[in-house]
Each structure stands twice: as structure tokens, then as C-alpha cells.
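Colleague: The following block contains the structure, expressed as C-alpha cells.
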Amino acid sequence: MNQPRKIRWLIAHYPQELFFRTARAFAKELNNLIGDELEIEILTYDDYKKKYDEIAGLEKLQNFPPSNESFMEGVDSFWNALFDSDIEMSQIQIFRVADLHKDFLALDLPFLFEDHDHVQRVVEGPVGQQLCAKLGEKSGVTGLAFTYSGGYRVVGSHQPISTLDELAKLTIAVANPCSLGTTLENLGGKYMVSYAATWFKNDPMVEAGCGAIETTYLRFNSVNGKYVYKTNHSMFLTTVVVSNKFWNTLTEKQQEAFRQAGLVASRQERQWSIQDGERFEAEAEQKGITITEMTAEDTEKLKHKAQKSWVQSQKYWEDKDLVKEIVKQRLH
């Protein structure tokens, strides 16, 4: 009896459980579709190192606290491992996918998505499909599906924030300028691009010397902050990616099974993230966390500043009609 071919899925980022559950859901659906032809082997970096070999530089993704320089070296090693098919699959934030195809940054824009249904129409429709296909043409990896990494972005802090005016007085740690940085500048505020802003084990507000951090409920849950300013300004999206070198060895039937497994797993994961957010809010008071929802007036003000940033941020991507196509997917 032939042994199933093992496909290594590397869990490269924190919070690990979010990425583990996506990989498990994918593996289950793939098995439903093609049986035991292929077996998804889910590995942390330490698992990979013990079982296979050291991937030079990848350990810099795991160092705490991370400097921007060392973190980027780790990211480069991650991509090279996928290009060379040292790992076959992984899941990573869209602003990191933008290292290979800049258009992915557009998905990080504040208030671009109307709601979760709008997200689904975009990422599962022509826009998402074209982004993933173009990624495969431009680089050594192909995108399979889009998931969340905690759902809506909010602002976390060690001190209460209840208005945009208060927010504008602080330096905010952000993952990239498109997500909130440029919009904050338009508001008169300041931001710092810090890879600590995406980290899970340390406290970026201390590490980076910032007054607040752009985060999500589940990521905020890992630091010592006690205050959330509920802006819900963008979705923290991730992409399931597969090595082209590996992908080209699959049969058409297997490739289609991968696409279908990606679709099923991504839908499950996005729903889980919504439920995670509801649970966080329900338990926040008990955990000593204060959530302040942005007022309707401040929301409209921030949306106005965000739309200005949409125009300013177009310099980052190639398809100048991309944002227009995403907005067209709204229902009203």
C-alpha cells in the first residue's frame, strides 16, 4: 500500500492557534475530497527543525523582541523556503504577501469593506481570484484563499481612548501605512511602522515606545493593555499560500481539491473569527478590559480621512482600478 505524500504546512506566525485551526480545517476537507493521496503535516518552526532541517534565517521570525531588520530577514527566509519547496504551504498576513505583489496592500485600507459579507464577495470573487493568480505569475507562490487573523482591527492601549482627538495625540504602532498609518496622518496624528505591531508574545506599546497599537481582539488579548478603542477600521486578512514548485507537481484533480479545501477552510476560519470577537466582547469586563466604541460622529470623520488615504496609497499598487472594483461589490 502506497504511503500518502506529505505536504508540509508551516505555522510561521502568532497567534499560532488561529493558524493551526485553518490548517486542520484544510487538511480535513482535503481528505474528504481525495482521501489519503496527500497528507497535510502541520509544523511549527521548531517541529520543522527537529524533523527536517534548519531553514537559515527563519528563526528570526521567532526572536523576541523582533527588530524590523531581523524580522525582514526572517520574512525573506520564509519566502525563499516556499520558493524552493522546502515547505509546501503556509498562511501569512496580506501585507506580507504584498512583499511579492503590492496590490494585496489595497485589502488593508480602512473602511474599504462594508461588512463580512462584502469581504466574502470580494475575496471569493473575481477580485480575489485575480489577485491570487497574479501573485502566482509574479512570484514563486500562489494564493489559495483568504482568511482572517482575528477579524476587525481595533486600537489597544494602556490608557483610555474615547475620541479621535485623543487618538491623534498618540503615536500608534501599525503594521503598514495603508492599514491606518496614512489615515492617522490625515487626522493630524503620528504612526510608527513596527513589526512588533503584528507580534503576539511581547508588548509593542513598550517595545516600540508607542502610546497605542493597531491590533485585533485576539492579538490584544496577549499584551498587558486594558483598553480597546473599537474602531473596526479594517479587516486583518491573511492568505493561504502554496509553493509554485510544489503546485506544478499536482494533478489537475489534486489542484482542484486544494482550491475547494481552501474555500471551505477559509469560510470556516472567517466565521470562527467572528465568533471569537463576540466571545471577547462578552468576556472583556470580567477580564478587566474596557472597550470603548467609536461614536458615529467620529466614525464618519475617520471614514472621510480614510477615503483620502485611499487615493494617497494608490502609489503602492499597480492596478489603479482595484479599489473601485472592491467598492462595486457593496450592495448599496
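Letters A, B, ... mark the chains of the C-alpha cells in the order given; residue numbers begin at 1 per chain; ligand numbers begin at 1, in order shown.
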Among segment 70-256 of chain A, which ones does DSSP place in helix (DSSP H, G or I), written as a count of residues only?

Modeller: 84

Colleague: Write out as a count of residues only which residues come within 9 Å of Phe26 of chain A when counting only C-alpha atoms, dropping same-chain ones fewer than 2 positions away.

Modeller: 16

Colleague: Select from segment 24-67 of chain A everything DSSP, run on the backbone, classes as strand (DSSP E or B), then give the selection as a list in words.

Modeller: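 Answer for segment 24-67 of chain A, restricted to strand (DSSP E or B): Leu38, Glu39, Ile40, Glu41, Ile42, Leu43 and Thr44 of chain A.
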
Colleague: Restricting the calculation to only C-alpha atoms: of A:Ser309, A:Ser273, A:Gln286, A:Gln120, which residue gets closest to Asn186 of chain A?

Modeller: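 Selected residue with least distance to Asn186 of chain A: A:Ser309.
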
Colleague: Pick out the residues sitting within 10 Å of Asp165 of chain A, and hand them over as a PDB file with C-alpha atoms, in the first residue's frame; count only C-alpha atoms, and ignore anything fewer than 3 positions along from it in its own chain.

Modeller:
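The file below, result.pdb, is the result:
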```
ATOM      1  CA  ILE A 161      -9.008  56.388  24.423  1.00  0.00           C
ATOM      2  CA  SER A 162     -12.532  57.612  23.864  1.00  0.00           C
ATOM      3  CA  ALA A 168      -4.453  61.750  17.332  1.00  0.00           C
ATOM      4  CA  LYS A 169      -2.287  62.793  20.280  1.00  0.00           C
ATOM      5  CA  LEU A 170      -0.620  59.368  20.438  1.00  0.00           C
ATOM      6  CA  LEU A 187      -6.121  63.171  11.117  1.00  0.00           C
ATOM      7  CA  GLY A 188      -3.082  65.025  12.431  1.00  0.00           C
ATOM      8  CA  GLY A 189      -1.720  62.034  14.322  1.00  0.00           C
ATOM      9  CA  ASP A 298     -16.002  60.119  14.942  1.00  0.00           C
TER      10      ASP A 298
END
```

Colleague: Could you tell me which of A:Met235, A:Leu33, A:Ile289, A:Val311 comes closest to Val123 of chain A if we count only C-alpha atoms?

Modeller: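 Using only C-alpha atoms, Val123 of chain A sits closest to A:Met235.
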
Colleague: What's the 6 Å shell around Ser179 of chain A, counting only C-alpha atoms, without same-chain residues fewer than 4 positions away, as a PyMOL selection string?

Modeller: chain A and resi 108-110

Colleague: Generate the output file for the selected residues, C-alpha atoms, as a short mmCIF file (atom, residue, chain, number, x, y, z; two decimals), in the first residue's frame.

Modeller:
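Contents of out.cif, freshly written:
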```cif
data_model
loop_
_atom_site.label_atom_id
_atom_site.label_comp_id
_atom_site.auth_asym_id
_atom_site.auth_seq_id
_atom_site.Cartn_x
_atom_site.Cartn_y
_atom_site.Cartn_z
CA ASP A 108 -5.75 46.64 4.18
CA LEU A 109 -7.32 50.06 3.53
CA PRO A 110 -9.51 51.43 6.35
#
```

Colleague: Restricting the calculation to only C-alpha atoms: of A:Arg121, A:Lys315, A:His101, A:Arg5, which residue gets closest to Ala133 of chain A?

Modeller: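 So, comparing all the options, the nearest one is A:His101.
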
Colleague: Which is closer to Ile34 of chain A than all the others in A:Asn232, A:Ser149, A:Thr251, A:Ser194, using only C-alpha atoms?

Modeller: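 Of the candidates, the smallest distance to Ile34 of chain A is held by A:Thr251.
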
Colleague: If we count only C-alpha atoms, what is near Leu10 of chain A at a cut-off of 8 Å, once residues fewer than 6 positions away on the same chain are taken out, given as a PDB file with C-alpha atoms, in the first residue's frame?

Modeller:
```
ATOM      1  CA  ILE A  42       1.191  20.811  10.242  1.00  0.00           C
ATOM      2  CA  LEU A  43       4.519  22.031  11.628  1.00  0.00           C
ATOM      3  CA  THR A  44       5.722  24.844  13.844  1.00  0.00           C
ATOM      4  CA  TYR A  45       9.214  26.152  13.139  1.00  0.00           C
ATOM      5  CA  TYR A  48      10.275  21.500  11.199  1.00  0.00           C
ATOM      6  CA  ILE A  87       7.883  23.911   2.781  1.00  0.00           C
ATOM      7  CA  MET A  89       2.257  25.611   2.226  1.00  0.00           C
ATOM      8  CA  SER A  90       1.684  28.268   4.835  1.00  0.00           C
ATOM      9  CA  GLN A  91      -0.584  31.144   5.808  1.00  0.00           C
TER      10      GLN A  91
END
```
